[in-house]
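Engineer: Coordinates in data17.txt, compact mmCIF, C-alpha atoms, are listed below.
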# COMPACT_ATOMS: atom_id res chain seq x y z
CA MET A 1 81.73 160.49 54.59
CA SER A 2 83.44 157.66 56.51
CA PRO A 3 81.44 155.81 59.17
CA THR A 4 81.99 157.06 62.73
CA PRO A 5 83.09 154.21 65.01
CA ILE A 6 81.69 153.67 68.50
CA LEU A 7 84.63 152.36 70.51
CA VAL A 8 84.82 150.58 73.85
CA PRO A 9 85.81 153.29 76.35
CA LEU A 10 88.18 152.82 79.27
CA LEU A 11 86.01 152.60 82.39
CA ASN A 12 88.63 151.27 84.77
CA ALA A 13 92.37 151.70 84.41
CA ASN A 14 92.95 148.18 85.76
CA GLU A 15 90.58 146.43 83.35
CA PRO A 16 91.42 146.37 79.63
CA GLU A 17 88.11 144.72 78.70
CA ALA A 18 84.41 145.46 78.99
CA ARG A 19 81.28 143.39 78.46
CA LEU A 20 78.40 144.51 76.27
CA VAL A 21 75.28 144.05 78.39
CA ALA A 22 72.55 145.86 76.42
CA VAL A 23 71.81 147.44 73.04
CA HIS A 24 69.03 150.03 73.16
CA VAL A 25 68.47 150.59 69.43
CA THR A 26 68.12 148.27 66.46
CA ASP A 27 70.59 147.81 63.65
CA GLY A 28 69.97 150.35 60.89
CA GLN A 29 67.81 152.59 63.07
CA PRO A 30 68.22 156.36 62.59
CA VAL A 31 69.56 158.07 65.72
CA LYS A 32 70.14 161.62 66.89
CA LYS A 33 73.22 162.94 68.63
CA GLY A 34 72.99 162.06 72.32
CA ASP A 35 70.63 159.09 71.89
CA LEU A 36 71.33 156.16 74.21
CA LEU A 37 72.87 153.35 72.17
CA ILE A 38 74.66 150.77 74.30
CA THR A 39 75.39 149.82 77.91
CA ILE A 40 78.71 148.23 78.81
CA GLU A 41 80.23 147.12 82.10
CA THR A 42 83.42 145.98 83.77
CA THR A 43 83.70 144.34 87.17
CA LYS A 44 83.91 147.80 88.75
CA ALA A 45 81.71 150.09 86.68
CA ALA A 46 78.96 150.35 84.08
CA ALA A 47 78.40 153.07 81.50
CA ASP A 48 75.92 154.12 78.85
CA VAL A 49 77.28 154.98 75.40
CA GLU A 50 75.50 157.74 73.46
CA ALA A 51 75.50 158.61 69.77
CA PRO A 52 78.30 161.13 69.04
CA ILE A 53 76.54 162.32 65.86
CA ALA A 54 73.26 161.83 64.02
CA GLY A 55 73.02 159.06 61.44
CA PHE A 56 72.17 155.38 61.15
CA PHE A 57 73.16 152.93 63.89
CA ARG A 58 75.05 149.84 62.64
CA MET A 59 75.78 147.20 65.27
CA LEU A 60 78.84 144.92 65.20
CA ALA A 61 79.06 143.28 68.63
CA GLN A 62 76.20 141.56 70.44
CA PRO A 63 75.04 141.51 74.10
CA GLY A 64 77.23 139.16 76.07
CA ASP A 65 80.35 139.83 73.98
CA THR A 66 83.52 140.83 75.81
CA LEU A 67 85.72 143.31 73.95
CA SER A 68 88.97 145.13 74.58
CA VAL A 69 89.18 148.86 75.22
CA GLY A 70 89.33 150.56 71.84
CA ASP A 71 87.52 147.78 69.97
CA THR A 72 84.61 148.81 67.77
CA LEU A 73 81.13 148.22 69.16
CA ALA A 74 79.18 149.84 66.32
CA PHE A 75 79.24 152.57 63.67
CA ILE A 76 77.18 155.63 62.88
CA THR A 77 76.82 155.88 59.11
CA GLN A 78 75.24 158.50 56.90
CA VAL A 79 73.71 155.88 54.60
CA ALA A 80 71.32 153.29 56.02
CA ASP A 81 72.61 150.30 54.05
CA GLU A 82 76.30 151.17 53.90
CA VAL A 83 78.53 148.11 53.55
CA LEU A 84 80.91 147.69 56.51
CA GLU A 85 82.75 144.48 55.64
CA GLN A 86 86.06 146.18 54.98
CA THR A 87 85.78 148.85 57.64
CA ILE A 88 88.42 148.76 60.35
CA ALA A 89 88.29 151.38 63.08
CA VAL A 90 91.49 152.68 64.61
CA ASN A 91 91.51 153.60 68.27
CA PRO A 92 92.85 157.18 68.31
CA ASN A 93 94.02 156.79 71.91
CA SER A 94 95.94 153.59 71.33
CA THR A 95 99.62 153.64 72.24
CA GLY A 96 100.35 150.40 70.42
CA SER A 97 101.67 149.96 66.93
CA GLN A 98 98.62 148.13 65.61
CA ALA A 99 95.14 149.41 64.88
CA SER A 100 92.31 148.10 67.04
CA SER A 101 89.25 146.57 65.46
CA SER A 102 86.37 144.43 66.62
CA ILE A 103 86.19 142.87 63.13
CA ASP A 104 88.84 140.24 62.58
CA PRO A 105 89.06 139.67 58.79
CA VAL A 106 90.57 136.18 58.68
CA SER A 107 89.33 135.09 55.29
CA ALA A 108 87.64 136.58 52.27
CA GLY A 109 84.12 137.64 53.11
CA LEU A 110 84.21 136.44 56.74
CA ARG A 111 83.50 138.99 59.45
CA ILE A 112 84.14 137.81 62.99
CA THR A 113 84.74 139.65 66.25
CA ARG A 114 88.02 139.01 68.02
CA PRO A 115 86.31 137.40 71.07
CA ALA A 116 84.37 135.13 68.73
CA ARG A 117 87.54 134.08 66.94
CA ILE A 118 89.15 133.19 70.28
CA LEU A 119 86.05 131.17 71.18
CA ALA A 120 86.13 129.42 67.81
CA GLU A 121 89.73 128.39 68.37
CA SER A 122 88.90 127.06 71.85
CA LEU A 123 86.03 124.99 70.40
CA GLY A 124 88.10 123.69 67.50
CA ILE A 125 85.78 125.23 64.89
CA ASP A 126 87.14 125.67 61.36
CA LEU A 127 86.75 129.36 60.46
CA ALA A 128 86.50 128.48 56.77
CA GLY A 129 83.19 126.76 57.45
CA LEU A 130 81.51 129.76 59.06
CA PRO A 131 78.82 131.70 57.18
CA THR A 132 79.77 134.99 55.52
CA ASP A 133 76.29 136.51 55.37
CA ARG A 134 76.48 137.96 58.89
CA LEU A 135 78.93 139.22 61.49
CA ILE A 136 79.99 136.24 63.63
CA THR A 137 79.84 137.10 67.33
CA GLU A 138 80.26 134.93 70.43
CA SER A 139 76.52 134.35 70.80
CA ILE A 140 76.07 133.41 67.14
CA LEU A 141 79.08 131.12 67.31
CA ARG A 142 77.62 129.31 70.31
CA GLU A 143 74.40 128.72 68.42
CA LEU A 144 76.32 127.44 65.40
CA SER A 145 78.46 125.15 67.54
CA GLY A 146 75.30 123.74 69.08
CA GLN A 147 74.03 122.86 65.60
CA SER A 148 77.36 121.30 64.66
CA PRO A 149 78.57 119.34 67.70
CA GLN A 150 81.69 117.79 66.17
CA ARG A 151 84.56 119.20 68.25
CA ASP A 152 88.20 118.42 68.81
CA ARG A 153 88.23 116.58 72.12
CA SER A 154 91.91 117.33 72.63
CA ARG A 155 90.97 120.98 73.07
CA GLN A 156 88.90 120.35 76.22
CA THR A 157 90.64 121.99 79.17
CA ASN A 158 90.29 122.12 82.93
CA SER A 159 88.28 125.31 82.49
CA THR A 160 85.53 123.68 80.42
CA ILE A 161 82.26 123.49 82.36
CA ILE A 162 78.73 122.24 81.81
CA ILE A 163 75.58 123.75 83.32
CA TYR A 164 72.89 121.43 84.67
CA GLY A 165 69.50 123.04 84.14
CA ALA A 166 68.00 125.47 81.64
CA GLY A 167 65.58 127.49 83.78
CA GLY A 168 65.73 130.94 85.33
CA HIS A 169 68.32 130.17 87.98
CA ALA A 170 70.44 128.37 85.39
CA LYS A 171 70.48 131.52 83.26
CA ALA A 172 71.96 133.46 86.17
CA VAL A 173 74.58 130.73 86.65
CA MET A 174 75.46 130.80 82.93
CA GLU A 175 75.93 134.56 82.86
CA MET A 176 77.93 134.44 86.08
CA ALA A 177 80.27 131.82 84.62
CA GLN A 178 80.68 133.98 81.51
CA ALA A 179 81.32 137.10 83.60
CA ILE A 180 84.03 135.31 85.56
CA ALA A 181 85.71 134.67 82.18
CA ALA A 182 87.78 131.78 83.58
CA PHE A 183 85.42 129.13 82.19
CA ARG A 184 84.31 127.94 78.79
CA ILE A 185 80.74 126.68 78.88
CA ALA A 186 80.52 123.53 76.79
CA GLY A 187 76.74 123.45 76.96
CA ILE A 188 73.66 122.72 79.03
CA ILE A 189 72.27 119.45 80.35
CA ASP A 190 68.54 119.41 81.08
CA ASP A 191 66.20 116.49 81.71
CA ASN A 192 63.51 118.00 79.48
CA GLN A 193 64.28 116.13 76.29
CA ALA A 194 62.25 118.62 74.26
CA LEU A 195 64.95 121.23 74.89
CA THR A 196 67.73 119.17 73.30
CA GLY A 197 69.05 120.96 70.23
CA THR A 198 67.76 124.35 71.32
CA SER A 199 69.80 127.05 73.03
CA VAL A 200 69.48 129.24 76.10
CA LEU A 201 71.24 132.62 76.04
CA GLY A 202 73.10 131.37 73.00
CA ILE A 203 74.40 128.27 74.82
CA PRO A 204 73.38 124.92 73.29
CA VAL A 205 71.29 122.38 75.21
CA LEU A 206 73.32 119.25 74.58
CA GLY A 207 70.91 116.67 75.95
CA THR A 208 69.69 114.95 79.10
CA ARG A 209 71.60 113.34 81.95
CA ASP A 210 72.24 110.33 79.67
CA LEU A 211 74.94 112.42 77.99
CA LEU A 212 76.95 112.96 81.19
CA PRO A 213 79.22 109.88 80.84
CA ASP A 214 80.15 110.89 77.30
CA LEU A 215 80.93 114.46 78.34
CA PHE A 216 83.16 113.19 81.13
CA GLU A 217 84.90 110.85 78.68
CA GLN A 218 85.53 113.84 76.42
CA GLY A 219 87.57 115.40 79.20
CA ILE A 220 85.05 117.78 80.76
CA ARG A 221 85.52 117.66 84.52
CA LEU A 222 83.61 120.69 85.85
CA ALA A 223 79.89 121.22 86.37
CA ALA A 224 77.66 123.91 87.84
CA ASN A 225 74.26 123.25 89.36
CA GLY A 226 71.70 125.51 87.72
CA VAL A 227 68.74 124.44 89.86
CA GLY A 228 67.95 126.78 92.74
CA GLY A 229 65.84 124.40 94.79
CA ILE A 230 63.43 127.04 96.07
CA ILE A 231 60.47 124.63 96.15
CA ASP A 232 62.47 121.62 97.36
CA ILE A 233 66.12 121.98 98.37
CA ASN A 234 66.51 118.19 98.08
CA THR A 235 66.16 118.50 94.29
CA ARG A 236 69.30 120.61 94.26
CA VAL A 237 71.07 118.16 96.58
CA LYS A 238 70.20 115.19 94.35
CA LEU A 239 71.56 116.95 91.27
CA PHE A 240 74.86 117.61 93.01
CA ASP A 241 75.02 113.95 94.03
CA ARG A 242 74.21 112.80 90.50
CA LEU A 243 76.94 114.95 88.96
CA ALA A 244 79.45 113.91 91.61
CA GLY A 245 78.57 110.28 90.93
CA TYR A 246 79.74 110.71 87.33
CA GLY A 247 82.99 112.26 88.56
CA PHE A 248 82.34 115.96 88.01
CA ALA A 249 83.81 118.56 90.35
CA PHE A 250 82.20 121.86 91.33
CA PRO A 251 84.30 125.03 91.14
CA ILE A 252 83.57 128.08 93.23
CA LEU A 253 81.51 130.54 91.17
CA ARG A 254 81.90 134.08 92.46
CA HIS A 255 80.47 136.86 90.34
CA PRO A 256 82.94 139.71 89.63
CA ARG A 257 80.39 142.14 91.08
CA ALA A 258 80.14 140.23 94.36
CA THR A 259 82.20 141.36 97.36
CA VAL A 260 83.91 138.66 99.41
CA GLU A 261 86.23 139.80 102.17
CA PRO A 262 89.71 138.23 102.10
CA SER A 263 89.26 136.52 105.48
CA ALA A 264 86.09 134.68 104.38
CA GLN A 265 86.44 130.98 103.62
CA ILE A 266 84.58 129.49 100.67
CA PHE A 267 84.48 125.81 99.77
CA ASP A 268 83.93 123.92 96.51
CA GLY A 269 80.64 124.33 94.70
CA VAL A 270 79.68 127.58 96.42
CA GLN A 271 77.91 130.18 94.25
CA VAL A 272 78.05 133.87 95.16
CA PHE A 273 75.96 136.00 92.80
CA ALA A 274 76.19 139.60 91.64
CA ASN A 275 76.02 142.35 94.26
CA ALA A 276 76.15 139.88 97.16
CA TYR A 277 78.34 140.65 100.16
CA VAL A 278 80.21 138.05 102.23
CA GLY A 279 81.76 139.55 105.35
CA SER A 280 84.97 139.04 107.27
CA SER A 281 85.67 135.61 108.80
CA THR A 282 82.51 134.17 107.30
CA LEU A 283 82.46 130.48 106.41
CA LEU A 284 80.53 129.21 103.36
CA HIS A 285 80.39 125.41 103.36
CA GLU A 286 80.34 123.22 100.26
CA ARG A 287 77.66 123.81 97.62
CA CYS A 288 75.78 126.56 99.46
CA MET A 289 74.56 129.67 97.66
CA VAL A 290 74.51 133.40 98.41
CA ASN A 291 72.13 134.78 95.83
CA THR A 292 71.87 138.19 94.17
CA GLY A 293 72.19 141.17 96.51
CA ALA A 294 72.20 139.08 99.71
CA ILE A 295 74.28 140.23 102.69
CA VAL A 296 76.06 137.71 104.89
CA SER A 297 77.82 139.77 107.54
CA HIS A 298 81.01 139.09 109.47
CA ASP A 299 81.56 135.83 111.37
CA CYS A 300 78.55 134.05 109.84
CA GLU A 301 78.54 130.36 108.98
CA ILE A 302 76.37 128.95 106.18
CA GLY A 303 75.88 125.18 105.97
CA SER A 304 76.25 122.94 102.95
CA TYR A 305 73.55 123.23 100.24
CA THR A 306 71.83 126.12 102.04
CA HIS A 307 70.30 128.84 99.85
CA ILE A 308 70.49 132.46 100.99
CA ALA A 309 67.96 134.02 98.62
CA PRO A 310 68.17 137.43 96.88
CA GLY A 311 68.14 140.43 99.18
CA ALA A 312 68.37 138.50 102.46
CA MET A 313 70.33 140.31 105.17
CA LEU A 314 72.09 138.24 107.82
CA ALA A 315 73.60 140.16 110.72
CA GLY A 316 76.98 139.21 112.21
CA HIS A 317 77.58 135.85 113.90
CA VAL A 318 74.50 134.19 112.35
CA HIS A 319 74.81 130.43 111.94
CA VAL A 320 72.68 128.61 109.37
CA GLY A 321 72.61 124.83 109.22
CA GLU A 322 72.72 122.70 106.09
CA LYS A 323 69.95 122.37 103.48
CA ALA A 324 68.11 125.45 104.77
CA LEU A 325 66.33 128.13 102.78
CA VAL A 326 66.49 131.77 103.87
CA GLY A 327 63.99 133.56 101.65
CA MET A 328 64.12 136.85 99.80
CA GLY A 329 64.35 139.97 101.93
CA VAL A 330 64.70 138.10 105.24
CA THR A 331 66.47 140.05 108.01
CA THR A 332 67.98 138.67 111.20
CA ALA A 333 69.18 139.80 114.59
CA ILE A 334 72.85 139.37 115.40
CA GLY A 335 74.07 136.01 116.63
CA ILE A 336 70.99 133.84 116.00
CA THR A 337 71.02 130.25 114.75
CA ILE A 338 68.84 128.90 111.94
CA GLY A 339 68.63 125.13 112.13
CA SER A 340 69.30 122.63 109.36
CA GLY A 341 66.43 122.15 106.95
CA ALA A 342 64.57 125.26 108.13
CA ARG A 343 62.54 127.25 105.58
CA ILE A 344 62.28 130.99 106.16
CA GLY A 345 59.58 132.73 104.11
CA ASN A 346 60.21 135.92 102.14
CA GLY A 347 60.41 139.08 104.20
CA ALA A 348 60.43 137.40 107.60
CA ILE A 349 62.20 139.10 110.50
CA LEU A 350 64.14 136.73 112.76
CA LEU A 351 64.80 137.97 116.29
CA ALA A 352 65.45 134.54 117.87
CA ASP A 353 66.83 131.11 116.99
CA VAL A 354 64.87 129.01 114.50
CA PRO A 355 64.80 125.25 115.21
CA ALA A 356 65.85 122.67 112.65
CA ARG A 357 63.21 121.94 109.97
CA ALA A 358 60.98 124.74 111.24
CA ILE A 359 58.91 126.77 108.78
CA VAL A 360 58.66 130.54 109.30
CA PRO A 361 55.82 132.07 107.24
CA ALA A 362 56.55 134.93 104.86
CA GLY A 363 56.49 138.31 106.58
CA LYS A 364 56.38 136.86 110.11
CA VAL A 365 58.29 138.43 112.97
CA TRP A 366 59.91 135.44 114.71
CA THR A 367 60.51 136.10 118.37
CA VAL A 368 60.55 132.69 120.11
CA SER A 369 62.45 129.48 119.51
Could you write out this structure as structure tokens?

Structural biologist:
Amino acid sequence: MSPTPILVPLLNANEPEARLVAVHVTDGQPVKKGDLLITIETTKAAADVEAPIAGFFRMLAQPGDTLSVGDTLAFITQVADEVLEQTIAVNPNSTGSQASSSIDPVSAGLRITRPARILAESLGIDLAGLPTDRLITESILRELSGQSPQRDRSRQTNSTIIIYGAGGHAKAVMEMAQAIAAFRIAGIIDDNQALTGTSVLGIPVLGTRDLLPDLFEQGIRLAANGVGGIIDINTRVKLFDRLAGYGFAFPILRHPRATVEPSAQIFDGVQVFANAYVGSSTLLHERCMVNTGAIVSHDCEIGSYTHIAPGAMLAGHVHVGEKALVGMGVTTAIGITIGSGARIGNGAILLADVPARAIVPAGKVWTVS
């Protein structure tokens, strides 16, 4: 009996691609009909994919891979160790003349997903040198490219970006840049020398700040700050200044699942994370951040370098100065001003203006200036 393919479904008529965000079973695991296998998402929707029949789950793609509608995510086989190298799944709903497959057989014995092949071409990696003992996906290719750093410098483009930092906030920045799909992440710079040669989320740690001049000479012009600056916002400011001093520019990073109204103005280096909302006529100054799930309502103004933390809710006409921190879950009254350098603790309720450099304790109800 032929393997049963698990294909990328069409979730949104306007989006021909979907991203694999989670795999809920292991490769080779026996599954029953209706078992949860995979979760995929587009910028507008997410969906769980269930087993259409009982059998053995055989994974092809990996979390983080972006595939086209109709590409093969996995197979259900009737034999646990069935060989899949030559299996190509045809999308029965395809209107094109060619079959759709997530395996791109470019040379004898090599199995590589189509997104991985595109990535390999962008990195200048010779496909003939890739291993044939596994399916090559985007994440595996990034790890391999980190181990073999010789790349064709002529292939660097204006969309190539580096991430400064390898911690928790940096991970969110990396995945946001990947979700935007307009950037190719060349690698990570982190001042912890022990991390050099390792990888984070499949992205290689290239080295410390000492490598920045060489990266710029290679033609990389874009950088993203992966340090959140929760403890000290000045750390984040200094990293921006360091990168700018080497000549790097900072693109706007706006997660596809963030909502930014058309009348809002956003300047260079701003980061707007998943599920955040930026309202009408709002102004986000250079290098500020609206973190996951935060709400910045209409007619607000957020100063340079300021961090609006996850889940904060700013009412309309709120003005926040530069280098301020508005903590997680903070709520405000309409029309108040938060001064430059102020630090607002998690869960505080602001009913009046907060002076510059003031500290509002977590959970406090602030009623006087």

Engineer: Which residue out of A:Ile38, A:Ala194, A:Ala309, A:Ala61 has the minimum interatomic distance to His169 (chain A) when all atoms listed in the file are used?

Structural biologist: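 Checking each of A:Ile38, A:Ala194, A:Ala309, A:Ala61 against His169 (chain A), counting all atoms listed in the file, the winner is A:Ala309.
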
Engineer: Pick the closest to Ile53 (chain A) from A:Gln29, A:Thr77, A:Asn225, A:Thr39: which is it, counting only C-alpha atoms?

Structural biologist: A:Thr77

Engineer: Go ahead and compute the interatomic distance for CA of Leu206 (chain A) and CA of Ala22 (chain A), in Å to one decimal.

Structural biologist: 26.7 Å

Engineer: Kindly indicate which residue among A:Val21, A:Gly165, A:Ala181, A:Val237 lies nearest to Ile203 (chain A), using only C-alpha atoms for the distances.

Structural biologist: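 Of A:Val21, A:Gly165, A:Ala181, A:Val237, the one nearest Ile203 (chain A), counting only C-alpha atoms, is A:Gly165.
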
Engineer: Leaving out Phe273 (chain A) and any residue of its chain fewer than 4 positions from it, which residues lie within 10 Å of it when counting only C-alpha atoms, given as a list in words?

Structural biologist: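 Everything that qualifies: Ala172, Val173, Met176, Leu253, Arg254, His255, Pro256, Arg257, Ala258, Thr259, Tyr277, Met289, Val290, Asn291, Thr292, Gly293, Ala294 and Pro310 of chain A.
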
Engineer: Pick out the closest residue to Tyr305 (chain A) from this set: A:Gly329, A:Gly64, A:Gly229, A:Pro355. Count all atoms listed in the file.

Structural biologist: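 Looking at the shortest contact to Tyr305 (chain A), the residue is A:Gly229.
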
Engineer: Rounded to one decimal, what separation in Å do you get between CA of Ser281 (chain A) and CA of Ala264 (chain A)?

Structural biologist: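 According to the coordinates, CA of Ser281 (chain A) and CA of Ala264 (chain A) are separated by 4.5 Å.
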
Engineer: State, in Å with one decimal place, the distance from CA of Thr235 (chain A) to CA of Ile162 (chain A).

Structural biologist: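 Computed distance, CA of Thr235 (chain A) to CA of Ile162 (chain A), equals 18.1 Å.
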
Engineer: Residues within 7 Å of Val278 (chain A), please, as a PyMOL selection string. Count all atoms listed in the file; anything in the same chain fewer than 4 positions from it doesn't count.

Structural biologist: chain A and resi 259-261+282+295-297

Engineer: Which residue out of A:Ile6, A:Ala54, A:Leu60, A:Leu325 has the minimum interatomic distance to Gln78 (chain A) when all atoms listed in the file are used?

Structural biologist: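 The shortest atom-to-atom distance to Gln78 (chain A) comes from A:Ala54.
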
Engineer: Which residue is closest to Ile163 (chain A)? Choose from A:Leu127, A:Leu215, A:Ala223, A:Ile180 and count only C-alpha atoms.

Structural biologist: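 Counting only C-alpha atoms, the residue closest to Ile163 (chain A) is A:Ala223.
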
Engineer: Report as a PyMOL selection string all protein, DNA and RNA residues lying within 9 Å of Thr4 (chain A), evaluated on only C-alpha atoms, omitting residues in the same chain fewer than 2 positions from it.

Structural biologist: chain A and resi 1-2+6+52-53+74-77+89

Engineer: Residues at most 12 Å from Asp232 (chain A), counting all atoms listed in the file, excluding those fewer than 4 positions away in the same chain, as a list in words?

Structural biologist: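 These residues fall inside the cut-off: Val227, Gly228, Arg236, Val237, Lys238, Leu239, Tyr305, Thr306, His307, Lys323, Ala324, Leu325, Gly341, Ala342 and Arg343 of chain A.
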
Engineer: Write the residues you've just listed into a file as an mmCIF file, in the frame of the given file, and include C-alpha atoms for each of them.

Structural biologist:
data_model
loop_
_atom_site.group_PDB
_atom_site.id
_atom_site.type_symbol
_atom_site.label_atom_id
_atom_site.label_comp_id
_atom_site.auth_asym_id
_atom_site.auth_seq_id
_atom_site.Cartn_x
_atom_site.Cartn_y
_atom_site.Cartn_z
ATOM 1 C CA VAL A 227 68.740 124.440 89.860
ATOM 2 C CA GLY A 228 67.950 126.780 92.740
ATOM 3 C CA ARG A 236 69.300 120.610 94.260
ATOM 4 C CA VAL A 237 71.070 118.160 96.580
ATOM 5 C CA LYS A 238 70.200 115.190 94.350
ATOM 6 C CA LEU A 239 71.560 116.950 91.270
ATOM 7 C CA TYR A 305 73.550 123.230 100.240
ATOM 8 C CA THR A 306 71.830 126.120 102.040
ATOM 9 C CA HIS A 307 70.300 128.840 99.850
ATOM 10 C CA LYS A 323 69.950 122.370 103.480
ATOM 11 C CA ALA A 324 68.110 125.450 104.770
ATOM 12 C CA LEU A 325 66.330 128.130 102.780
ATOM 13 C CA GLY A 341 66.430 122.150 106.950
ATOM 14 C CA ALA A 342 64.570 125.260 108.130
ATOM 15 C CA ARG A 343 62.540 127.250 105.580
#

Engineer: N, CA and C atoms are what I want for region 202-220 of chain A; can you complete it accordingly and write them as a PDB file, in the frame of the given file?

Structural biologist:
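rebuild22.pdb was written with the following content:
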ATOM      1  N   GLY A 202      72.073 131.669  73.984  1.00  0.00           N
ATOM      2  CA  GLY A 202      73.100 131.370  73.000  1.00  0.00           C
ATOM      3  C   GLY A 202      73.950 130.153  73.322  1.00  0.00           C
ATOM      4  N   ILE A 203      73.640 129.452  74.418  1.00  0.00           N
ATOM      5  CA  ILE A 203      74.400 128.270  74.820  1.00  0.00           C
ATOM      6  C   ILE A 203      73.586 127.025  74.465  1.00  0.00           C
ATOM      7  N   PRO A 204      74.162 126.061  73.767  1.00  0.00           N
ATOM      8  CA  PRO A 204      73.380 124.920  73.290  1.00  0.00           C
ATOM      9  C   PRO A 204      72.970 123.969  74.410  1.00  0.00           C
ATOM     10  N   VAL A 205      71.739 123.463  74.334  1.00  0.00           N
ATOM     11  CA  VAL A 205      71.290 122.380  75.210  1.00  0.00           C
ATOM     12  C   VAL A 205      71.739 121.079  74.563  1.00  0.00           C
ATOM     13  N   LEU A 206      72.682 120.407  75.186  1.00  0.00           N
ATOM     14  CA  LEU A 206      73.320 119.250  74.580  1.00  0.00           C
ATOM     15  C   LEU A 206      72.470 117.997  74.666  1.00  0.00           C
ATOM     16  N   GLY A 207      71.716 117.864  75.763  1.00  0.00           N
ATOM     17  CA  GLY A 207      70.910 116.670  75.950  1.00  0.00           C
ATOM     18  C   GLY A 207      70.550 116.484  77.406  1.00  0.00           C
ATOM     19  N   THR A 208      70.105 115.276  77.742  1.00  0.00           N
ATOM     20  CA  THR A 208      69.690 114.950  79.100  1.00  0.00           C
ATOM     21  C   THR A 208      70.865 114.348  79.873  1.00  0.00           C
ATOM     22  N   ARG A 209      70.562 113.912  81.096  1.00  0.00           N
ATOM     23  CA  ARG A 209      71.600 113.340  81.950  1.00  0.00           C
ATOM     24  C   ARG A 209      72.299 112.136  81.306  1.00  0.00           C
ATOM     25  N   ASP A 210      71.639 111.493  80.346  1.00  0.00           N
ATOM     26  CA  ASP A 210      72.240 110.330  79.670  1.00  0.00           C
ATOM     27  C   ASP A 210      73.539 110.691  78.965  1.00  0.00           C
ATOM     28  N   LEU A 211      73.743 111.979  78.699  1.00  0.00           N
ATOM     29  CA  LEU A 211      74.940 112.420  77.990  1.00  0.00           C
ATOM     30  C   LEU A 211      76.126 112.643  78.925  1.00  0.00           C
ATOM     31  N   LEU A 212      75.884 112.630  80.235  1.00  0.00           N
ATOM     32  CA  LEU A 212      76.950 112.960  81.190  1.00  0.00           C
ATOM     33  C   LEU A 212      78.178 112.049  81.079  1.00  0.00           C
ATOM     34  N   PRO A 213      78.021 110.716  80.967  1.00  0.00           N
ATOM     35  CA  PRO A 213      79.220 109.880  80.840  1.00  0.00           C
ATOM     36  C   PRO A 213      80.068 110.232  79.629  1.00  0.00           C
ATOM     37  N   ASP A 214      79.409 110.539  78.508  1.00  0.00           N
ATOM     38  CA  ASP A 214      80.150 110.890  77.300  1.00  0.00           C
ATOM     39  C   ASP A 214      80.895 112.195  77.464  1.00  0.00           C
ATOM     40  N   LEU A 215      80.264 113.175  78.109  1.00  0.00           N
ATOM     41  CA  LEU A 215      80.930 114.460  78.340  1.00  0.00           C
ATOM     42  C   LEU A 215      82.149 114.278  79.234  1.00  0.00           C
ATOM     43  N   PHE A 216      82.012 113.445  80.249  1.00  0.00           N
ATOM     44  CA  PHE A 216      83.160 113.190  81.130  1.00  0.00           C
ATOM     45  C   PHE A 216      84.274 112.493  80.359  1.00  0.00           C
ATOM     46  N   GLU A 217      83.894 111.557  79.491  1.00  0.00           N
ATOM     47  CA  GLU A 217      84.900 110.850  78.680  1.00  0.00           C
ATOM     48  C   GLU A 217      85.619 111.789  77.733  1.00  0.00           C
ATOM     49  N   GLN A 218      84.914 112.850  77.303  1.00  0.00           N
ATOM     50  CA  GLN A 218      85.530 113.840  76.420  1.00  0.00           C
ATOM     51  C   GLN A 218      86.578 114.687  77.145  1.00  0.00           C
ATOM     52  N   GLY A 219      86.588 114.633  78.453  1.00  0.00           N
ATOM     53  CA  GLY A 219      87.570 115.400  79.200  1.00  0.00           C
ATOM     54  C   GLY A 219      86.993 116.549  79.999  1.00  0.00           C
ATOM     55  N   ILE A 220      85.674 116.718  79.955  1.00  0.00           N
ATOM     56  CA  ILE A 220      85.050 117.780  80.760  1.00  0.00           C
ATOM     57  C   ILE A 220      84.955 117.287  82.197  1.00  0.00           C
TER      58      ILE A 220
END
